[in-house]
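File shown here: run01.cif, holding mmCIF, C-alpha atoms.
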data_protein
#
loop_
_atom_site.group_PDB
_atom_site.id
_atom_site.type_symbol
_atom_site.label_atom_id
_atom_site.label_comp_id
_atom_site.auth_asym_id
_atom_site.auth_seq_id
_atom_site.Cartn_x
_atom_site.Cartn_y
_atom_site.Cartn_z
ATOM 1 C CA MET V 1 -51.864 -33.078 17.898
ATOM 2 C CA SER V 2 -52.750 -29.729 19.430
ATOM 3 C CA LYS V 3 -55.933 -29.458 21.448
ATOM 4 C CA GLU V 4 -57.292 -26.917 18.933
ATOM 5 C CA LEU V 5 -57.053 -29.422 16.124
ATOM 6 C CA PHE V 6 -58.580 -32.034 18.398
ATOM 7 C CA VAL V 7 -61.581 -29.783 19.143
ATOM 8 C CA ILE V 8 -62.045 -29.067 15.426
ATOM 9 C CA ILE V 9 -61.974 -32.748 14.464
ATOM 10 C CA ILE V 10 -64.291 -33.796 17.306
ATOM 11 C CA SER V 11 -66.700 -30.966 16.443
ATOM 12 C CA TRP V 12 -66.832 -32.064 12.802
ATOM 13 C CA ILE V 13 -67.429 -35.692 13.758
ATOM 14 C CA ILE V 14 -70.155 -34.932 16.311
ATOM 15 C CA SER V 15 -71.905 -32.456 14.002
ATOM 16 C CA ILE V 16 -71.946 -34.823 11.033
ATOM 17 C CA TYR V 17 -72.960 -37.747 13.199
ATOM 18 C CA CYS V 18 -75.908 -35.799 14.659
ATOM 19 C CA LEU V 19 -76.977 -34.587 11.230
ATOM 20 C CA LEU V 20 -76.879 -38.051 9.696
ATOM 21 C CA LYS V 21 -78.416 -39.778 12.681
ATOM 22 C CA PHE V 22 -81.152 -37.441 13.893
ATOM 23 C CA VAL V 23 -82.494 -35.694 10.801
ATOM 24 C CA PRO V 24 -85.639 -37.556 9.705
ATOM 25 C CA LYS V 25 -85.566 -38.551 6.058
ATOM 26 C CA GLU V 26 -88.832 -36.803 5.212
ATOM 27 C CA ARG V 27 -87.442 -33.489 6.512
ATOM 28 C CA ILE V 28 -84.064 -33.713 4.829
ATOM 29 C CA ARG V 29 -84.595 -30.752 2.470
ATOM 30 C CA GLU V 30 -85.768 -28.594 5.346
ATOM 31 C CA ALA V 31 -82.529 -29.486 7.145
ATOM 32 C CA HIS V 32 -80.539 -28.664 4.015
ATOM 33 C CA ILE V 33 -82.008 -25.207 3.545
ATOM 34 C CA SER V 34 -81.571 -24.541 7.294
ATOM 35 C CA ILE V 35 -77.902 -25.427 7.177
ATOM 36 C CA LEU V 36 -77.271 -23.362 4.027
ATOM 37 C CA PHE V 37 -78.985 -20.295 5.437
ATOM 38 C CA SER V 38 -77.286 -20.703 8.842
ATOM 39 C CA GLN V 39 -73.884 -20.940 7.187
ATOM 40 C CA SER V 40 -74.452 -17.712 5.308
ATOM 41 C CA ILE V 41 -75.630 -15.706 8.294
ATOM 42 C CA ALA V 42 -72.931 -17.231 10.517
ATOM 43 C CA TRP V 43 -70.295 -16.182 8.004
ATOM 44 C CA LEU V 44 -71.719 -12.700 7.523
ATOM 45 C CA PHE V 45 -71.947 -12.194 11.239
ATOM 46 C CA GLU V 46 -68.414 -13.450 11.762
ATOM 47 C CA LEU V 47 -67.239 -10.950 9.149
ATOM 48 C CA ILE V 48 -68.849 -8.137 11.146
ATOM 49 C CA GLN V 49 -67.310 -9.415 14.407
ATOM 50 C CA VAL V 50 -63.833 -9.519 12.921
ATOM 51 C CA HIS V 51 -64.233 -6.246 11.052
ATOM 52 C CA PHE V 52 -65.009 -4.414 14.285
ATOM 53 C CA GLY V 53 -62.469 -6.362 16.325
ATOM 54 C CA LEU V 54 -65.006 -7.871 18.704
ATOM 55 C CA VAL V 55 -63.598 -11.366 18.464
ATOM 56 C CA GLU V 56 -60.329 -12.878 17.300
ATOM 57 C CA PHE V 57 -59.507 -16.360 16.071
ATOM 58 C CA PRO V 58 -55.793 -16.976 16.829
ATOM 59 C CA PHE V 59 -55.840 -20.620 15.728
ATOM 60 C CA ARG V 60 -57.520 -21.075 12.362
ATOM 61 C CA GLU V 61 -57.624 -23.492 9.466
ATOM 62 C CA PHE V 62 -56.637 -21.039 6.711
ATOM 63 C CA HIS V 63 -54.014 -19.129 8.572
ATOM 64 C CA HIS V 64 -52.723 -16.938 5.778
ATOM 65 C CA ALA V 65 -55.918 -16.396 3.781
ATOM 66 C CA THR V 66 -58.198 -15.130 6.509
ATOM 67 C CA LYS V 67 -58.424 -14.084 10.143
ATOM 68 C CA MET V 68 -61.784 -15.761 10.477
ATOM 69 C CA SER V 69 -62.398 -19.294 11.672
ATOM 70 C CA PHE V 70 -63.786 -21.793 9.232
ATOM 71 C CA SER V 71 -65.097 -24.996 10.832
ATOM 72 C CA LEU V 72 -67.040 -23.321 13.630
ATOM 73 C CA HIS V 73 -69.061 -21.269 11.177
ATOM 74 C CA TYR V 74 -69.190 -23.825 8.412
ATOM 75 C CA ILE V 75 -70.476 -26.840 10.302
ATOM 76 C CA VAL V 76 -70.835 -26.441 14.078
ATOM 77 C CA LEU V 77 -73.053 -23.382 14.383
ATOM 78 C CA PRO V 78 -75.195 -24.385 11.350
ATOM 79 C CA THR V 79 -75.822 -27.757 13.010
ATOM 80 C CA PHE V 80 -77.310 -25.895 15.978
ATOM 81 C CA GLY V 81 -79.456 -24.020 13.463
ATOM 82 C CA VAL V 82 -80.741 -27.232 11.887
ATOM 83 C CA PHE V 83 -81.860 -28.691 15.210
ATOM 84 C CA PHE V 84 -83.369 -25.380 16.235
ATOM 85 C CA ILE V 85 -85.653 -25.692 13.208
ATOM 86 C CA LEU V 86 -86.312 -29.427 13.423
ATOM 87 C CA LEU V 87 -87.236 -29.291 17.114
ATOM 88 C CA TYR V 88 -89.206 -26.038 16.850
ATOM 89 C CA PRO V 89 -92.434 -26.487 18.833
ATOM 90 C CA LEU V 90 -95.524 -26.008 16.681
ATOM 91 C CA ASN V 91 -98.927 -25.330 18.240
ATOM 92 C CA LYS V 92 -97.447 -25.395 21.724
ATOM 93 C CA GLY V 93 -98.101 -21.859 22.927
ATOM 94 C CA LYS V 94 -95.964 -18.760 23.314
ATOM 95 C CA LYS V 95 -94.147 -19.793 26.496
ATOM 96 C CA ARG V 96 -92.884 -23.021 24.994
ATOM 97 C CA ILE V 97 -91.605 -21.154 21.911
ATOM 98 C CA MET V 98 -89.811 -18.548 24.043
ATOM 99 C CA PHE V 99 -88.221 -21.327 26.036
ATOM 100 C CA HIS V 100 -87.072 -22.963 22.798
ATOM 101 C CA TYR V 101 -85.469 -19.713 21.607
ATOM 102 C CA LEU V 102 -83.726 -19.196 24.950
ATOM 103 C CA ILE V 103 -82.365 -22.753 25.090
ATOM 104 C CA PHE V 104 -80.852 -22.568 21.620
ATOM 105 C CA SER V 105 -79.564 -19.010 21.750
ATOM 106 C CA SER V 106 -77.759 -19.723 25.013
ATOM 107 C CA ALA V 107 -76.537 -23.220 24.086
ATOM 108 C CA LEU V 108 -74.434 -21.786 21.260
ATOM 109 C CA PRO V 109 -72.549 -19.264 23.475
ATOM 110 C CA LEU V 110 -72.107 -22.015 26.044
ATOM 111 C CA TYR V 111 -70.222 -24.016 23.433
ATOM 112 C CA THR V 112 -68.207 -21.075 22.108
ATOM 113 C CA THR V 113 -67.411 -19.753 25.593
ATOM 114 C CA LEU V 114 -66.064 -23.150 26.619
ATOM 115 C CA VAL V 115 -63.999 -23.284 23.430
ATOM 116 C CA GLU V 116 -62.828 -19.725 24.093
ATOM 117 C CA HIS V 117 -61.811 -20.600 27.630
ATOM 118 C CA PHE V 118 -59.921 -23.807 26.974
ATOM 119 C CA THR V 119 -58.420 -23.291 23.504
ATOM 120 C CA SER V 120 -57.066 -20.502 21.326
ATOM 121 C CA LEU V 121 -59.672 -21.136 18.598
ATOM 122 C CA ILE V 122 -61.588 -18.065 19.739
ATOM 123 C CA GLU V 123 -60.603 -15.090 21.799
ATOM 124 C CA TYR V 124 -63.214 -12.630 22.975
ATOM 125 C CA LYS V 125 -62.111 -8.990 22.715
ATOM 126 C CA ASN V 126 -65.210 -6.912 23.251
ATOM 127 C CA TRP V 127 -67.579 -9.783 23.517
ATOM 128 C CA ASN V 128 -69.196 -12.057 26.090
ATOM 129 C CA TRP V 129 -71.798 -14.790 26.306
ATOM 130 C CA PHE V 130 -74.601 -12.380 27.167
ATOM 131 C CA ILE V 131 -74.214 -10.272 23.993
ATOM 132 C CA ALA V 132 -73.846 -13.521 22.081
ATOM 133 C CA THR V 133 -77.150 -14.792 23.424
ATOM 134 C CA CYS V 134 -78.943 -11.572 22.444
ATOM 135 C CA VAL V 135 -77.453 -11.663 18.948
ATOM 136 C CA ASN V 136 -78.370 -15.319 18.564
ATOM 137 C CA LEU V 137 -81.978 -14.585 19.467
ATOM 138 C CA ILE V 138 -82.115 -12.211 16.506
ATOM 139 C CA LEU V 139 -80.269 -14.504 14.083
ATOM 140 C CA LEU V 140 -82.420 -17.506 15.035
ATOM 141 C CA TRP V 141 -85.507 -15.413 14.456
ATOM 142 C CA PHE V 142 -84.277 -14.614 10.930
ATOM 143 C CA LEU V 143 -83.528 -18.285 10.365
ATOM 144 C CA GLN V 144 -86.956 -19.362 11.560
ATOM 145 C CA LYS V 145 -88.763 -16.791 9.388
ATOM 146 C CA PHE V 146 -86.766 -17.759 6.320
ATOM 147 C CA VAL V 147 -87.095 -21.525 6.700
ATOM 148 C CA PHE V 148 -90.812 -21.375 7.532
ATOM 149 C CA TRP V 149 -91.366 -19.260 4.423
ATOM 150 C CA PHE V 150 -89.249 -21.614 2.353
ATOM 151 C CA ARG V 151 -90.797 -24.870 3.513
ATOM 152 C CA LYS V 152 -94.269 -23.891 2.406
ATOM 153 C CA GLU V 153 -93.263 -25.286 -0.967
ATOM 154 C CA ILE V 154 -91.440 -28.407 0.207
ATOM 155 C CA TYR V 155 -93.634 -31.489 0.215
ATOM 156 C CA MET C 156 -52.904 4.240 -6.515
ATOM 157 C CA VAL C 157 -55.793 5.645 -4.490
ATOM 158 C CA ILE C 158 -57.567 6.716 -7.647
ATOM 159 C CA VAL C 159 -57.131 3.248 -9.121
ATOM 160 C CA MET C 160 -58.563 1.716 -5.945
ATOM 161 C CA ILE C 161 -61.589 3.954 -6.045
ATOM 162 C CA ARG C 162 -62.137 3.316 -9.736
ATOM 163 C CA ASP C 163 -61.844 -0.445 -9.260
ATOM 164 C CA ARG C 164 -64.274 -0.456 -6.399
ATOM 165 C CA TRP C 165 -66.801 1.389 -8.535
ATOM 166 C CA ILE C 166 -66.359 -1.249 -11.232
ATOM 167 C CA PHE C 167 -67.319 -3.865 -8.637
ATOM 168 C CA VAL C 168 -70.326 -1.841 -7.556
ATOM 169 C CA ALA C 169 -71.431 -1.571 -11.184
ATOM 170 C CA ILE C 170 -71.038 -5.326 -11.765
ATOM 171 C CA ILE C 171 -73.024 -6.079 -8.609
ATOM 172 C CA CYS C 172 -75.815 -3.691 -9.631
ATOM 173 C CA ILE C 173 -76.000 -5.226 -13.097
ATOM 174 C CA SER C 174 -76.175 -8.724 -11.571
ATOM 175 C CA PHE C 175 -78.997 -7.662 -9.268
ATOM 176 C CA PHE C 176 -80.834 -6.210 -12.234
ATOM 177 C CA ILE C 177 -80.376 -9.395 -14.277
ATOM 178 C CA ILE C 178 -81.608 -11.609 -11.430
ATOM 179 C CA TRP C 179 -84.557 -9.358 -10.741
ATOM 180 C CA ARG C 180 -85.555 -9.340 -14.414
ATOM 181 C CA ILE C 181 -85.107 -12.954 -15.370
ATOM 182 C CA VAL C 182 -85.890 -15.093 -12.322
ATOM 183 C CA PRO C 183 -89.653 -15.639 -12.196
ATOM 184 C CA LYS C 184 -91.234 -15.100 -8.809
ATOM 185 C CA LYS C 185 -92.492 -18.653 -8.600
ATOM 186 C CA LYS C 186 -88.881 -19.837 -8.819
ATOM 187 C CA ALA C 187 -87.735 -17.696 -5.873
ATOM 188 C CA ARG C 188 -87.053 -20.710 -3.669
ATOM 189 C CA GLU C 189 -85.100 -22.493 -6.367
ATOM 190 C CA ALA C 190 -82.976 -19.378 -6.781
ATOM 191 C CA TRP C 191 -82.351 -19.256 -3.017
ATOM 192 C CA VAL C 192 -81.185 -22.879 -2.950
ATOM 193 C CA LEU C 193 -78.810 -22.278 -5.860
ATOM 194 C CA PHE C 194 -77.492 -19.031 -4.441
ATOM 195 C CA LEU C 195 -76.823 -20.384 -0.946
ATOM 196 C CA SER C 196 -75.394 -23.754 -1.947
ATOM 197 C CA MET C 197 -73.021 -22.263 -4.517
ATOM 198 C CA GLY C 198 -71.693 -19.887 -1.859
ATOM 199 C CA MET C 199 -70.988 -22.829 0.400
ATOM 200 C CA ILE C 200 -68.895 -24.488 -2.321
ATOM 201 C CA THR C 201 -66.928 -21.384 -3.240
ATOM 202 C CA TRP C 202 -66.308 -20.268 0.348
ATOM 203 C CA PRO C 203 -63.797 -23.050 1.212
ATOM 204 C CA ALA C 204 -62.579 -23.271 -2.406
ATOM 205 C CA GLY C 205 -61.787 -19.550 -2.498
ATOM 206 C CA LEU C 206 -60.005 -19.690 0.856
ATOM 207 C CA LEU C 207 -57.923 -22.605 -0.372
ATOM 208 C CA ALA C 208 -56.888 -20.780 -3.546
ATOM 209 C CA VAL C 209 -55.733 -17.771 -1.520
ATOM 210 C CA GLU C 210 -54.074 -19.887 1.171
ATOM 211 C CA MET C 211 -52.016 -21.680 -1.472
ATOM 212 C CA GLY C 212 -50.963 -18.314 -2.902
ATOM 213 C CA TRP C 213 -52.500 -18.976 -6.331
ATOM 214 C CA ILE C 214 -54.593 -15.852 -6.555
ATOM 215 C CA LYS C 215 -54.829 -12.412 -4.928
ATOM 216 C CA TYR C 216 -57.492 -9.742 -4.670
ATOM 217 C CA PRO C 217 -55.493 -6.533 -4.038
ATOM 218 C CA VAL C 218 -58.558 -4.274 -4.113
ATOM 219 C CA GLN C 219 -61.751 -5.445 -2.427
ATOM 220 C CA LEU C 220 -65.225 -4.040 -2.257
ATOM 221 C CA LEU C 221 -64.795 -3.058 1.393
ATOM 222 C CA THR C 222 -61.769 -0.976 2.351
ATOM 223 C CA ASN C 223 -59.239 -2.872 4.458
ATOM 224 C CA ALA C 224 -61.011 -6.178 3.826
ATOM 225 C CA ASN C 225 -57.608 -7.662 3.023
ATOM 226 C CA ASP C 226 -56.534 -7.016 6.613
ATOM 227 C CA TYR C 227 -58.760 -9.810 7.834
ATOM 228 C CA ASN C 228 -59.990 -11.788 4.832
ATOM 229 C CA LYS C 229 -57.947 -12.143 1.661
ATOM 230 C CA SER C 230 -60.466 -14.183 -0.283
ATOM 231 C CA SER C 231 -62.929 -12.265 -2.399
ATOM 232 C CA PHE C 232 -66.280 -11.591 -0.802
ATOM 233 C CA THR C 233 -67.729 -10.310 -4.068
ATOM 234 C CA TYR C 234 -66.619 -13.288 -6.138
ATOM 235 C CA GLU C 235 -67.386 -16.082 -3.729
ATOM 236 C CA PHE C 236 -70.573 -14.838 -2.175
ATOM 237 C CA PHE C 237 -72.053 -12.924 -5.032
ATOM 238 C CA LEU C 238 -70.785 -13.340 -8.586
ATOM 239 C CA PHE C 239 -70.359 -17.134 -8.550
ATOM 240 C CA PRO C 240 -73.726 -17.751 -6.842
ATOM 241 C CA MET C 241 -75.489 -15.341 -9.206
ATOM 242 C CA THR C 242 -73.978 -17.089 -12.225
ATOM 243 C CA SER C 243 -75.120 -20.414 -10.847
ATOM 244 C CA VAL C 244 -78.683 -19.170 -10.326
ATOM 245 C CA VAL C 245 -79.036 -17.996 -13.926
ATOM 246 C CA PHE C 246 -77.270 -21.082 -15.254
ATOM 247 C CA SER C 247 -79.483 -23.639 -13.541
ATOM 248 C CA ILE C 248 -82.821 -21.879 -13.836
ATOM 249 C CA TYR C 249 -82.503 -21.675 -17.620
ATOM 250 C CA TYR C 250 -80.652 -24.948 -18.024
ATOM 251 C CA SER C 251 -83.420 -27.254 -19.227
ATOM 252 C CA LYS C 252 -84.986 -24.600 -21.455
ATOM 253 C CA VAL C 253 -81.836 -23.724 -23.386
ATOM 254 C CA VAL C 254 -79.967 -27.041 -23.304
ATOM 255 C CA SER C 255 -82.793 -28.698 -25.232
ATOM 256 C CA LYS C 256 -81.985 -26.305 -28.084
ATOM 257 C CA ILE C 257 -78.203 -25.915 -28.068
ATOM 258 C CA GLY C 258 -76.955 -28.905 -26.058
ATOM 259 C CA PRO C 259 -75.058 -28.981 -22.736
ATOM 260 C CA PHE C 260 -71.575 -28.512 -24.196
ATOM 261 C CA LEU C 261 -72.346 -25.162 -25.745
ATOM 262 C CA TYR C 262 -74.341 -24.077 -22.710
ATOM 263 C CA TYR C 263 -71.504 -24.806 -20.264
ATOM 264 C CA SER C 264 -68.978 -23.165 -22.600
ATOM 265 C CA LEU C 265 -71.123 -20.075 -22.887
ATOM 266 C CA PHE C 266 -71.435 -19.474 -19.137
ATOM 267 C CA ALA C 267 -67.952 -20.521 -18.062
ATOM 268 C CA GLY C 268 -66.437 -18.790 -21.109
ATOM 269 C CA LEU C 269 -68.157 -15.441 -20.534
ATOM 270 C CA PHE C 270 -67.279 -15.463 -16.866
ATOM 271 C CA THR C 271 -63.651 -16.330 -17.612
ATOM 272 C CA ILE C 272 -63.348 -13.604 -20.247
ATOM 273 C CA LEU C 273 -64.746 -11.065 -17.798
ATOM 274 C CA GLU C 274 -62.312 -12.182 -15.111
ATOM 275 C CA VAL C 275 -59.330 -12.038 -17.480
ATOM 276 C CA ILE C 276 -60.302 -8.509 -18.521
ATOM 277 C CA LEU C 277 -60.524 -7.516 -14.836
ATOM 278 C CA GLU C 278 -57.171 -9.189 -14.184
ATOM 279 C CA LYS C 279 -55.451 -7.303 -16.999
ATOM 280 C CA THR C 280 -56.989 -3.878 -16.485
ATOM 281 C CA THR C 281 -57.743 -3.566 -12.754
ATOM 282 C CA LYS C 282 -56.406 -4.528 -9.341
ATOM 283 C CA LEU C 283 -59.566 -6.406 -8.408
ATOM 284 C CA VAL C 284 -58.007 -9.766 -9.109
ATOM 285 C CA GLU C 285 -54.418 -10.793 -9.657
ATOM 286 C CA TYR C 286 -53.257 -14.208 -10.838
ATOM 287 C CA ASP C 287 -50.098 -15.642 -9.288
ATOM 288 C CA GLU C 288 -50.007 -19.335 -10.093
ATOM 289 C CA TRP C 289 -53.521 -19.115 -11.389
ATOM 290 C CA GLN C 290 -54.273 -19.399 -15.131
ATOM 291 C CA TRP C 291 -57.400 -18.424 -17.004
ATOM 292 C CA TYR C 292 -58.203 -22.041 -17.761
ATOM 293 C CA TRP C 293 -58.255 -22.828 -14.030
ATOM 294 C CA THR C 294 -61.155 -20.424 -13.736
ATOM 295 C CA LEU C 295 -62.783 -22.088 -16.728
ATOM 296 C CA PHE C 296 -62.448 -25.633 -15.375
ATOM 297 C CA THR C 297 -63.291 -24.911 -11.744
ATOM 298 C CA LEU C 298 -66.321 -22.975 -12.889
ATOM 299 C CA ILE C 299 -67.539 -25.835 -15.096
ATOM 300 C CA ILE C 300 -67.071 -28.307 -12.236
ATOM 301 C CA THR C 301 -68.798 -26.161 -9.604
ATOM 302 C CA LEU C 302 -71.680 -25.282 -11.946
ATOM 303 C CA PHE C 303 -72.110 -28.992 -12.658
ATOM 304 C CA LEU C 304 -72.058 -29.974 -8.965
ATOM 305 C CA ASN C 305 -74.417 -27.235 -7.954
ATOM 306 C CA HIS C 306 -76.779 -28.088 -10.792
ATOM 307 C CA LYS C 307 -76.902 -31.748 -9.685
ATOM 308 C CA TYR C 308 -77.650 -30.645 -6.125
ATOM 309 C CA TYR C 309 -80.372 -28.324 -7.382
ATOM 310 C CA GLN C 310 -81.980 -31.087 -9.441
ATOM 311 C CA TRP C 311 -82.070 -33.311 -6.364
ATOM 312 C CA PHE C 312 -83.519 -30.541 -4.196
ATOM 313 C CA LYS C 313 -86.125 -29.557 -6.771
ATOM 314 C CA LYS C 314 -87.685 -33.007 -6.812
ATOM 315 C CA ARG C 315 -89.639 -32.131 -3.724
ATOM 316 C CA LEU C 316 -90.382 -28.488 -4.346
ATOM 317 C CA ARG C 317 -93.754 -27.436 -5.688
ATOM 318 C CA VAL C 318 -95.368 -24.072 -6.220
ATOM 319 C CA VAL C 319 -98.224 -23.416 -3.806
ATOM 320 C CA SER C 320 -98.485 -19.644 -3.957
ATOM 321 C CA LEU C 321 -97.461 -16.835 -6.247
#
Could I get this structure in the form of structure tokens?
Amino acid sequence: MSKELFVIIISWIISIYCLLKFVPKERIREAHISILFSQSIAWLFELIQVHFGLVEFPFREFHHATKMSFSLHYIVLPTFGVFFILLYPLNKGKKRIMFHYLIFSSALPLYTTLVEHFTSLIEYKNWNWFIATCVNLILLWFLQKFVFWFRKEIY
Amino acid sequence: MVIVMIRDRWIFVAIICISFFIIWRIVPKKKAREAWVLFLSMGMITWPAGLLAVEMGWIKYPVQLLTNANDYNKSSFTYEFFLFPMTSVVFSIYYSKVVSKIGPFLYYSLFAGLFTILEVILEKTTKLVEYDEWQWYWTLFTLIITLFLNHKYYQWFKKRLRVVSL
């Protein structure tokens, strides 16, 4: 088994395990809407990255059908999004919230940069972890606004 | 060829505009969240399904909404992330209202049938979609199955949604 396949399988297992294990039952719909919205923005953003040749995905699940990766944007990055929402600090002050944003927007590039470095799942063309962190700050902000609007009607 | 491509792309733009108009007119504001759930979850079913169909060489989309989209993604952005989700939104939001009158069989046939007819017309007259192994009844069956699955998911999700503001 190639190391790329190994990383994909391990990422699926860890993501699903974390989702099943650490999402509280009473917040399950909030987690669901977070993952759905994260998947959509992850996919849209990936489309933009590939369209402008910022990033390439040499090893991918659907090799003929697309030049975009699937698992990373279908399960791994959305799992980050879910825990960003579930662990979001309420009533804790501005500094704590900024810290939360920084942790999550840099944790994602840490993962992808490691994957980029050690496997051929991702290859940065005109891209680096710093731009990724800035972009993630914006995407997480969208996610937070959307989910907080949505959950007003979940009980 | 170029003229055909431009014409086909305009057909897509027109279909998308009409879908937006339909959604805007018939989804009540208090059901906005329900529509979001349906729209997003349907896209997450059709995303891998559409990739699989292209990967297996069953179906092709020679002309896409964006120029050169086929250079990096051969599955159909418009179908998988827009037309299928939109269909699912309308289907599920009006499900209980209409099914009580005409029954589920007719209701499913109506939606899946109309969509399939539209796709077959596009297949025959444009380059927007091209069947290789694919047959019209594959569209019909996969659409019935995905509408069913998404509707079940929606019913589960809806159990804990309530309207607090308009």
**OP:** Name the closest residue to Glu30 in chain V among the candidates V:Lys125, V:Lys152, V:Val135, V:Pro109; distances are taken between atoms, counting only C-alpha atoms.
**Re:**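 Ranked by minimum distance to Glu30 in chain V, first place goes to V:Lys152.
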Subject >> Distance query Tyr292 in chain C at most 12 Å, all atoms listed in the file, self and fewer than 5 positions along chain excluded, as JSON, numbers by chain >> reply: {"C": [264, 267, 268, 270, 271, 272, 274, 275, 286, 297, 298, 299]}
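Among the candidates V:Gln144, V:Thr66, V:Ser40, V:Ser34, the residue lying nearest to chain C is V:Thr66 (atoms considered: all atoms listed in the file).
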Original post:
Just so the selection is clear, what residues does the PyMOL selection byres ((chain V and resi 4) around 10) cover here, as a VMD selection string?
Top reply: chain V and resid 1 to 3 5 to 10 59 to 60 115 118 to 122
**OP:** Run the PyMOL selection byres ((chain C) within 9 of (chain V)) against the file shown and list the residues it catches, as a ChimeraX atom specification.
**Re:** /C:188,191-192,195-196,198-199,203,206-212,223-230,236,312-313,315-320
Subject >> CA of Gln219 in chain C to CA of Lys282 in chain C, distance in Å rounded to a single decimal >> reply: 8.8 Å
Subject >> Length of the CA of Lys185 in chain C to CA of Gly81 in chain V vector [Å] >> reply: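 CA of Lys185 in chain C sits 26.2 Å away from CA of Gly81 in chain V.
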**OP:** Apply the PyMOL selection byres ((chain C and resi 284) around 6) to the file shown and report the selected residues as a PyMOL selection string.
**Re:** chain C and resi 215-216+278+282-283+285
Subject >> Who sits within 12 Å of Phe130 in chain V, all atoms listed in the file, same chain under 2 positions skipped, as a VMD selection string >> reply: chain V and resid 102 105 to 110 112 to 113 126 to 128 132 to 137
Original post:
In Å, how far is it from CA of Phe22 in chain V to CA of Lys307 in chain C?
Top reply: 24.6 Å
